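J.: This is the content of input_27.tsv (TSV, C-alpha atoms (C1' of nucleotides)):
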```tsv
chain	number	residue	atom	x	y	z
A	183	MET	CA	82.65	76.43	104.87
A	184	ARG	CA	82.99	78.01	101.62
A	185	ASN	CA	86.07	77.76	99.79
A	186	PRO	CA	87.97	80.77	99.01
A	187	ALA	CA	88.44	81.75	95.56
A	188	SER	CA	91.68	83.17	94.86
A	189	GLU	CA	92.41	86.49	93.65
A	190	PRO	CA	94.94	89.05	93.52
A	191	ASN	CA	94.27	92.26	94.96
A	192	PRO	CA	95.66	95.36	96.10
A	193	GLY	CA	96.96	96.48	99.21
A	194	SER	CA	98.26	94.97	102.27
A	195	GLU	CA	100.96	96.60	103.90
A	196	SER	CA	103.15	96.22	106.74
A	197	SER	CA	105.62	98.30	108.45
A	198	ASN	CA	104.64	99.56	111.68
A	199	GLY	CA	104.53	103.12	112.24
A	200	GLY	CA	103.94	103.82	115.74
A	201	SER	CA	102.41	107.11	116.33
A	202	ALA	CA	99.69	107.11	118.74
A	203	SER	CA	96.21	106.72	117.69
A	204	GLU	CA	93.41	105.98	119.86
A	205	LEU	CA	90.49	103.91	119.26
A	206	ARG	CA	87.59	103.69	121.48
A	207	VAL	CA	85.13	101.04	121.06
A	208	PHE	CA	82.77	99.24	123.19
A	209	VAL	CA	83.27	97.10	126.12
A	210	ARG	CA	82.66	93.53	126.80
A	211	LYS	CA	83.70	90.97	129.18
A	212	LYS	CA	85.81	88.02	128.74
A	213	ARG	CA	85.70	84.37	128.26
A	214	GLY	CA	86.19	82.30	125.29
A	215	ARG	CA	87.63	79.05	124.30
A	216	LYS	CA	89.27	77.46	121.48
A	217	THR	CA	89.83	74.40	119.55
A	218	ILE	CA	91.81	74.37	116.56
A	219	GLU	CA	93.59	71.95	114.63
A	220	THR	CA	95.96	72.29	111.95
A	221	GLN	CA	97.75	69.91	109.87
A	222	GLU	CA	100.80	70.50	108.07
A	223	THR	CA	100.77	71.66	104.62
A	224	LYS	CA	103.25	72.88	102.25
A	225	TYR	CA	101.89	74.62	99.37
A	226	GLU	CA	104.52	75.85	97.24
A	227	ALA	CA	104.82	78.97	95.36
A	228	GLU	CA	103.85	78.42	91.88
A	229	PRO	CA	105.65	79.68	88.89
A	230	LEU	CA	103.53	82.66	88.41
A	231	ASP	CA	105.73	83.95	85.73
A	232	GLN	CA	103.12	82.66	83.51
A	233	LYS	CA	100.68	85.35	83.92
A	234	LEU	CA	102.35	88.30	85.16
A	235	ARG	CA	104.65	89.69	82.64
A	236	GLY	CA	102.65	92.84	82.75
A	237	PRO	CA	101.37	93.84	86.08
A	238	PRO	CA	97.67	94.13	86.41
A	239	GLU	CA	96.44	97.47	87.31
A	240	ILE	CA	97.16	97.65	90.87
A	241	GLU	CA	97.83	101.23	91.55
A	242	GLU	CA	95.68	102.51	94.28
A	243	PHE	CA	95.63	99.86	96.80
A	244	GLY	CA	94.54	101.40	99.93
A	245	TYR	CA	93.62	97.98	101.15
A	246	LYS	CA	90.90	99.83	102.75
A	247	GLN	CA	88.04	98.03	101.27
A	248	VAL	CA	89.71	95.82	98.88
A	249	ASN	CA	86.66	95.50	96.86
A	250	GLY	CA	87.85	92.49	95.12
A	251	SER	CA	85.81	93.48	92.22
A	252	PHE	CA	88.03	91.76	89.86
A	253	GLN	CA	89.12	88.31	90.34
A	254	SER	CA	91.77	86.96	88.29
A	255	SER	CA	91.54	83.61	86.84
A	256	ASN	CA	94.14	82.79	89.33
A	257	THR	CA	93.51	79.17	88.86
A	258	SER	CA	92.79	77.64	92.14
A	259	PHE	CA	95.75	75.52	92.68
A	260	ALA	CA	96.18	73.43	95.72
A	261	ASN	CA	96.50	76.29	98.07
A	262	VAL	CA	93.03	76.22	99.38
A	263	PRO	CA	92.71	76.06	103.08
A	264	THR	CA	92.18	72.55	104.27
A	265	GLY	CA	92.18	72.92	108.00
A	266	GLU	CA	89.22	73.32	110.22
A	267	PRO	CA	88.46	76.98	110.80
A	268	PRO	CA	88.30	78.08	114.42
A	269	PRO	CA	84.83	78.67	115.81
A	270	ASN	CA	83.36	82.11	115.33
A	271	TRP	CA	86.23	83.31	113.22
A	272	GLU	CA	83.88	85.20	110.94
A	273	LYS	CA	82.29	87.05	113.82
A	274	VAL	CA	85.70	87.86	115.20
A	275	LEU	CA	86.93	89.12	111.87
A	276	GLU	CA	83.85	91.24	111.42
A	277	GLY	CA	84.18	92.59	114.92
A	278	ILE	CA	87.77	93.57	114.34
A	279	ARG	CA	86.82	95.23	111.07
A	280	LYS	CA	84.29	97.30	112.91
A	281	MET	CA	86.77	98.33	115.55
A	282	ARG	CA	89.24	99.19	112.86
A	283	SER	CA	86.83	101.30	110.91
A	284	THR	CA	86.19	103.53	113.87
A	285	GLU	CA	89.54	105.13	114.09
A	286	ASP	CA	92.74	104.99	112.26
A	287	ALA	CA	95.71	103.15	113.42
A	288	PRO	CA	99.16	104.22	112.38
A	289	VAL	CA	99.16	101.61	109.73
A	290	ASP	CA	96.37	103.35	107.95
A	291	THR	CA	98.67	105.97	106.65
A	292	MET	CA	100.57	103.37	104.79
A	293	GLY	CA	103.52	104.33	102.89
A	294	CYS	CA	105.38	101.65	101.18
A	295	GLU	CA	102.88	100.46	98.67
A	296	LYS	CA	102.14	103.79	97.32
A	297	ALA	CA	105.72	104.45	96.74
A	298	GLY	CA	106.10	105.12	93.12
A	299	ASN	CA	102.62	104.19	92.19
A	300	SER	CA	102.94	106.61	89.36
A	301	LEU	CA	106.01	104.98	87.97
A	302	PRO	CA	106.15	102.57	85.08
A	303	PRO	CA	105.57	98.94	86.11
A	304	LYS	CA	109.17	97.91	86.45
A	305	GLU	CA	110.19	100.97	88.37
A	306	ARG	CA	107.11	100.73	90.49
A	307	ARG	CA	107.94	97.18	91.46
A	308	PHE	CA	111.45	98.14	92.34
A	309	ALA	CA	110.10	100.96	94.45
A	310	VAL	CA	107.82	98.54	96.24
A	311	LEU	CA	110.75	96.30	97.00
A	312	VAL	CA	112.89	99.11	98.32
A	313	SER	CA	110.02	100.56	100.28
A	314	SER	CA	109.39	97.25	101.91
A	315	LEU	CA	113.01	96.89	102.81
A	316	LEU	CA	113.16	100.33	104.35
A	317	SER	CA	109.84	100.12	106.14
A	318	SER	CA	110.63	97.51	108.71
A	319	GLN	CA	111.14	98.96	112.13
A	320	THR	CA	110.51	102.34	110.68
A	321	LYS	CA	107.61	104.70	110.94
A	322	ASP	CA	105.75	105.26	107.74
A	323	ASN	CA	106.52	108.91	107.47
A	324	VAL	CA	110.20	108.24	107.86
A	325	THR	CA	110.08	105.55	105.22
A	326	HIS	CA	108.18	107.84	102.93
A	327	GLY	CA	110.69	110.60	103.39
A	328	ALA	CA	113.54	108.27	102.54
A	329	ILE	CA	111.75	107.08	99.41
A	330	GLN	CA	111.13	110.65	98.36
A	331	ARG	CA	114.77	111.55	98.75
A	332	LEU	CA	115.84	108.50	96.81
A	333	LEU	CA	113.40	109.37	94.09
A	334	GLN	CA	114.50	112.96	93.89
A	335	ASN	CA	118.05	111.84	93.54
A	336	GLY	CA	117.22	109.33	90.90
A	337	LEU	CA	118.18	106.50	93.17
A	338	LEU	CA	115.11	104.38	93.13
A	339	ALA	CA	116.11	102.09	90.31
A	340	ALA	CA	118.46	99.17	90.10
A	341	ASP	CA	120.93	100.66	87.69
A	342	THR	CA	121.40	103.94	89.49
A	343	ILE	CA	121.60	102.43	92.93
A	344	ASP	CA	124.12	99.97	91.65
A	345	LYS	CA	126.36	102.80	90.55
A	346	ALA	CA	125.77	104.98	93.55
A	347	ASP	CA	128.00	105.20	96.53
A	348	GLU	CA	126.85	103.25	99.52
A	349	ALA	CA	127.50	106.22	101.77
A	350	THR	CA	125.23	108.30	99.58
A	351	ILE	CA	122.44	105.77	99.88
A	352	LYS	CA	123.00	105.63	103.58
A	353	GLY	CA	122.74	109.37	103.90
A	354	LEU	CA	119.57	109.51	101.86
A	355	ILE	CA	117.70	106.83	103.72
A	356	TYR	CA	118.72	107.99	107.15
A	357	PRO	CA	117.05	107.82	109.64
A	358	VAL	CA	115.18	104.66	108.76
A	359	GLY	CA	115.83	101.84	111.15
A	360	PHE	CA	119.02	99.89	110.52
A	361	TYR	CA	120.02	102.26	107.78
A	362	THR	CA	123.61	101.06	107.59
A	363	ARG	CA	122.65	97.49	106.92
A	364	LYS	CA	119.80	98.52	104.68
A	365	ALA	CA	122.05	100.73	102.58
A	366	ALA	CA	124.40	97.82	102.09
A	367	ASN	CA	121.52	95.52	101.27
A	368	MET	CA	120.12	98.01	98.80
A	369	LYS	CA	123.38	98.01	96.90
A	370	LYS	CA	123.49	94.24	96.81
A	371	ILE	CA	119.86	93.97	95.82
A	372	ALA	CA	120.25	96.55	93.08
A	373	ASN	CA	123.19	94.67	91.68
A	374	ILE	CA	121.37	91.36	91.74
A	375	CYS	CA	118.30	92.86	90.11
A	376	LEU	CA	120.46	94.39	87.43
A	377	MET	CA	122.52	91.30	86.76
A	378	LYS	CA	119.87	88.66	87.00
A	379	TYR	CA	116.57	90.34	86.37
A	380	ASP	CA	117.32	93.08	83.93
A	381	GLY	CA	116.70	95.71	86.55
A	382	ASP	CA	113.37	94.27	87.56
A	383	ILE	CA	112.72	92.49	90.81
A	384	PRO	CA	112.44	88.72	91.18
A	385	SER	CA	108.95	87.50	90.45
A	386	SER	CA	108.86	84.47	92.68
A	387	LEU	CA	108.83	84.05	96.38
A	388	GLU	CA	111.91	81.88	96.35
A	389	GLU	CA	113.96	84.33	94.41
A	390	LEU	CA	112.85	87.25	96.53
A	391	LEU	CA	113.97	85.35	99.60
A	392	LEU	CA	117.44	85.09	98.15
A	393	LEU	CA	117.84	88.83	98.30
A	394	PRO	CA	119.77	90.06	101.33
A	395	GLY	CA	117.52	91.65	103.90
A	396	ILE	CA	114.37	90.14	102.46
A	397	GLY	CA	112.76	87.52	104.63
A	398	PRO	CA	109.37	85.82	104.54
A	399	LYS	CA	107.41	88.78	105.78
A	400	MET	CA	108.72	91.17	103.15
A	401	ALA	CA	108.80	88.58	100.39
A	402	HIS	CA	105.09	87.91	100.77
A	403	LEU	CA	104.38	91.60	100.96
A	404	VAL	CA	106.26	92.21	97.76
A	405	MET	CA	104.51	89.34	96.00
A	406	ASN	CA	101.17	90.73	97.12
A	407	VAL	CA	101.76	94.35	96.41
A	408	GLY	CA	104.47	94.33	93.80
A	409	TRP	CA	103.28	91.45	91.67
A	410	ASN	CA	99.70	91.27	92.75
A	411	ASN	CA	100.26	87.58	93.15
A	412	VAL	CA	99.23	86.13	96.46
A	413	GLN	CA	101.47	83.26	97.37
A	414	GLY	CA	101.04	83.49	101.09
A	415	ILE	CA	100.02	85.63	104.01
A	416	CYS	CA	102.30	88.42	105.10
A	417	VAL	CA	102.71	87.54	108.74
A	418	ASP	CA	104.37	90.06	110.94
A	419	THR	CA	104.62	90.16	114.69
A	420	HIS	CA	101.10	91.56	115.08
A	421	VAL	CA	99.49	88.87	112.97
A	422	HIS	CA	101.55	86.27	114.77
A	423	ARG	CA	100.64	87.50	118.22
A	424	ILE	CA	96.95	88.10	117.58
A	425	CYS	CA	96.31	84.85	115.76
A	426	ASN	CA	97.76	83.02	118.73
A	427	ARG	CA	95.75	84.99	121.24
A	428	LEU	CA	92.60	84.25	119.29
A	429	GLY	CA	93.48	80.61	119.12
A	430	TRP	CA	93.48	80.80	115.36
A	431	VAL	CA	96.71	78.91	114.94
A	432	SER	CA	98.59	76.20	116.73
A	433	LYS	CA	101.42	73.83	116.21
A	434	SER	CA	100.46	70.88	114.09
A	435	CYS	CA	98.22	68.45	115.91
A	436	THR	CA	98.54	70.21	119.22
A	437	LYS	CA	97.01	73.15	120.97
A	438	GLN	CA	100.29	74.82	121.55
A	439	LYS	CA	100.84	78.26	120.24
A	440	THR	CA	102.95	78.65	117.20
A	441	SER	CA	106.38	79.94	118.00
A	442	THR	CA	107.37	81.75	114.87
A	443	PRO	CA	105.64	83.94	112.30
A	444	GLU	CA	106.41	81.37	109.64
A	445	GLU	CA	104.70	78.68	111.65
A	446	THR	CA	101.76	81.01	112.11
A	447	ARG	CA	101.62	81.66	108.40
A	448	GLU	CA	101.43	78.02	107.54
A	449	ALA	CA	98.82	77.31	110.18
A	450	LEU	CA	96.70	80.27	109.17
A	451	GLN	CA	96.84	79.40	105.53
A	452	LEU	CA	95.33	76.04	106.33
A	453	TRP	CA	91.94	77.49	106.96
A	454	LEU	CA	91.72	81.20	106.26
A	455	PRO	CA	89.88	81.77	102.96
A	456	LYS	CA	92.24	83.13	100.42
A	457	GLU	CA	90.37	86.32	99.82
A	458	GLU	CA	91.39	87.27	103.34
A	459	TRP	CA	95.07	86.58	102.90
A	460	VAL	CA	95.97	90.08	101.90
A	461	PRO	CA	93.55	92.16	104.00
A	462	ILE	CA	94.29	90.19	107.16
A	463	ASN	CA	97.64	91.93	107.53
A	464	PRO	CA	96.60	95.57	107.63
A	465	LEU	CA	93.53	94.59	109.60
A	466	LEU	CA	95.45	92.87	112.38
A	467	VAL	CA	98.38	95.24	112.33
A	468	GLY	CA	96.09	98.17	112.99
A	469	PHE	CA	94.18	96.20	115.59
A	470	GLY	CA	97.46	95.24	117.20
A	471	GLN	CA	98.62	98.82	117.35
A	472	THR	CA	95.50	100.11	119.02
A	473	VAL	CA	93.68	97.38	120.90
A	474	CYS	CA	95.43	94.05	120.97
A	475	THR	CA	98.78	95.48	121.90
A	476	PRO	CA	101.83	93.39	122.68
A	477	LEU	CA	101.74	94.01	126.36
A	478	ARG	CA	98.71	94.96	128.33
A	479	PRO	CA	96.21	94.48	125.55
A	480	ASN	CA	93.10	96.60	125.92
A	481	CYS	CA	90.67	93.74	126.25
A	482	GLY	CA	88.23	96.08	127.92
A	483	MET	CA	87.73	97.97	124.73
A	484	CYS	CA	87.77	94.96	122.48
A	485	SER	CA	84.41	93.97	121.07
A	486	VAL	CA	85.43	90.43	120.35
A	487	SER	CA	86.89	89.55	123.72
A	488	ASP	CA	83.95	87.21	124.24
A	489	PHE	CA	85.41	85.03	121.58
A	490	CYS	CA	89.02	85.37	122.63
A	491	PRO	CA	90.56	82.61	124.71
A	492	SER	CA	93.21	85.03	125.87
A	493	ALA	CA	91.00	87.92	126.85
A	494	PHE	CA	91.89	89.45	130.17
A	495	ARG	CA	94.38	86.74	130.76
A	496	GLU	CA	97.56	88.47	130.01
A	497	ILE	CA	98.94	89.52	133.29
A	498	SER	CA	102.45	89.86	132.14
A	499	ARG	CA	104.62	92.29	133.92
A	500	SER	CA	106.16	89.42	135.78
A	501	PRO	CA	109.60	88.52	134.66
A	502	SER	CA	108.87	84.90	135.23
A	503	LYS	CA	108.45	83.98	131.66
A	504	SER	CA	111.21	84.15	129.25
A	505	LYS	CA	113.73	86.87	129.33
A	506	ARG	CA	116.20	85.30	131.50
A	507	SER	CA	119.25	86.58	129.93
A	508	SER	CA	120.01	89.67	131.86
A	509	LEU	CA	117.65	88.88	134.59
A	510	SER	CA	118.98	85.60	135.81
A	511	LYS	CA	122.44	86.96	135.70
A	512	LYS	CA	121.59	89.85	137.88
A	513	LEU	CA	119.58	87.82	140.27
B	140	DT	C1'	116.25	100.19	131.63
B	141	DT	C1'	113.24	97.42	128.74
B	142	DC	C1'	110.47	96.76	124.81
B	143	DC	C1'	109.49	97.38	120.11
B	144	DC	C1'	110.35	93.75	115.99
B	145	DG	C1'	112.39	91.66	110.64
B	146	DT	C1'	116.41	89.67	109.18
B	147	DA	C1'	121.04	87.68	109.46
B	148	DG	C1'	124.11	85.13	111.63
B	149	DG	C1'	126.11	82.61	115.67
C	216	DC	C1'	117.83	79.00	120.90
C	217	DC	C1'	120.46	83.93	121.27
C	218	DT	C1'	122.21	88.60	119.79
C	219	DA	C1'	123.12	92.63	116.67
C	220	DC	C1'	121.13	96.22	114.29
C	221	DA	C1'	118.78	102.14	115.33
C	222	DG	C1'	116.59	104.75	117.82
C	223	DG	C1'	111.97	106.01	119.70
C	224	DA	C1'	108.86	105.32	123.33
C	225	DA	C1'	106.96	103.27	127.62
```
How does this structure look as structure tokens?

T.:
Amino acid sequence: MRNPASEPNPGSESSNGGSASELRVFVRKKRGRKTIETQETKYEAEPLDQKLRGPPEIEEFGYKQVNGSFQSSNTSFANVPTGEPPPNWEKVLEGIRKMRSTEDAPVDTMGCEKAGNSLPPKERRFAVLVSSLLSSQTKDNVTHGAIQRLLQNGLLAADTIDKADEATIKGLIYPVGFYTRKAANMKKIANICLMKYDGDIPSSLEELLLLPGIGPKMAHLVMNVGWNNVQGICVDTHVHRICNRLGWVSKSCTKQKTSTPEETREALQLWLPKEEWVPINPLLVGFGQTVCTPLRPNCGMCSVSDFCPSAFREISRSPSKSKRSSLSKKL
DNA sequence: TTCCCGTAGG
DNA sequence: CCTACAGGAA
């Protein structure tokens, strides 16, 4: 198929939010099959320092349409997908886009990227980093509120956070999920940014991953949104789950499902055209919140169930699978 | 009570 | 692999 070009682009997002939101679509039946094959690949984050210095104009992201109207000369390095794309993936993607355009999922409200989009580049990047950190396991409105309070108190920059009291940070970000640990991580991150990056945030994936509380999911999000430099796909639990249900990813040379988001990311990057790397996250997150839910997915209202190997097959409910910890003990 | 779900740490 | 972390929701 056609090779992806590369490009930076706005938006993507993550977090989860969790308010309700319905989405009614059409109905279909089931059936589907799969065949995939992945190979292993590495693909390493490139230097990227080269071109970014000054952030492109990213502002408004709203991933909504991501009219990649501008494509950077993001030299096509070796990152192009090399694996065999799963059958019908384009139809499936289009079908999901249609379902997603009908109603809004919680993710549509998005909060973390817009944080500080009116700030100067450096401050904006720092805000993106902090927003990402706070957003995990936290509803968007809660994250947004925390960011607002930090901003109002002048605590959305490395130097001020570094000087601030951890208890103060904790109080301001409450009630985001894991606020105690996040407050501590914010202090550490602020100090690192101040000491090593002149108050800016790290500009490479590797360096972002060294920050406490920043793992692969957030690091890719920050590269995408903060630096407008797409090094990889931001794979969260929704992307991980849905790609496996669709048969879009598998362990190298086998048909087994991938077992971790990182494994999913590598498998997905083998074939998904790069222009989809950023939009795939908000697309599948929203789809995962409304239709392809973790348990009891609404296959009946999914327009692409015809192409999904897992459609109508998730019986779940039975404790036979994993989850033996408390169960086996009790039984 | 169990699940949600990203990261750290055992 | 497993559990802690916070707290909301099923």

J.: Would you pick out the contacts of DG145 (chain B) at 10 Å or less, using all atoms listed in the file, so that residues sharing its chain but fewer than 6 positions from it are not included, and give the list as a list in words?

T.: Ser197, Leu315, Ser317, Ser318, Gln319, Gly395, Ile396, Gly397, Pro398, Lys399, Met400, Asp418 and Thr419 of chain A

J.: As an exercise, work out the distance from CA of Trp453 (chain A) to CA of Ile415 (chain A) in Å and give it to one decimal place.

T.: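 Going from CA of Trp453 (chain A) over to CA of Ile415 (chain A), I get 11.8 Å.
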
J.: What's the separation between CA of Thr472 (chain A) and CA of Cys484 (chain A), in Å to one decimal place?

T.: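 CA of Cys484 (chain A) lies at a distance of 9.9 Å from CA of Thr472 (chain A).
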
J.: Using CA of Asn406 (chain A) and CA of Lys304 (chain A) as the two end points, give the distance in Å to one decimal.

T.: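 Taking CA of Asn406 (chain A) as the start and CA of Lys304 (chain A) as the end point, the length is 15.1 Å.
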
J.: When the cut-off is 10 Å and we count only C-alpha atoms (C1' of nucleotides), which residues of chain B are near chain A, given as a list in words?

T.: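 Listed by rising number, the hits are DC142, DC143, DC144, DG145, DT146 and DA147 of chain B.
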
J.: Give me the residues near Ile383 (chain A) as JSON, numbers by chain, where near means some atom within 8 Å (using only C-alpha atoms (C1' of nucleotides)) and where sequence neighbours in that chain fewer than 2 positions away do not count.

T.: {"A": [304, 307, 308, 311, 375, 379, 381, 385, 390]}

J.: Mind writing the picked residues with C-alpha atoms as an mmCIF file, in the frame of the given file?

T.:
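To be explicit, this is the file written out as out-v8.cif:
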```cif
data_model
loop_
_atom_site.group_PDB
_atom_site.id
_atom_site.type_symbol
_atom_site.label_atom_id
_atom_site.label_comp_id
_atom_site.auth_asym_id
_atom_site.auth_seq_id
_atom_site.Cartn_x
_atom_site.Cartn_y
_atom_site.Cartn_z
ATOM 1 C CA LYS A 304 109.170 97.910 86.450
ATOM 2 C CA ARG A 307 107.940 97.180 91.460
ATOM 3 C CA PHE A 308 111.450 98.140 92.340
ATOM 4 C CA LEU A 311 110.750 96.300 97.000
ATOM 5 C CA CYS A 375 118.300 92.860 90.110
ATOM 6 C CA TYR A 379 116.570 90.340 86.370
ATOM 7 C CA GLY A 381 116.700 95.710 86.550
ATOM 8 C CA SER A 385 108.950 87.500 90.450
ATOM 9 C CA LEU A 390 112.850 87.250 96.530
#
```

J.: Identify all chain C residues at most 8 Å from chain A by counting only C-alpha atoms (C1' of nucleotides); ligands do not count. Present them as a VMD selection string.

T.: chain C and resid 220 to 222

J.: Do a neighbour search on region 339-350 of chain A at 7 Å with only C-alpha atoms (C1' of nucleotides), toss out local chain neighbours closer than 4 positions, and write the hits as a VMD selection string.

T.: chain A and resid 305 308 354 365 to 366 369 372 to 373 375 to 376 381
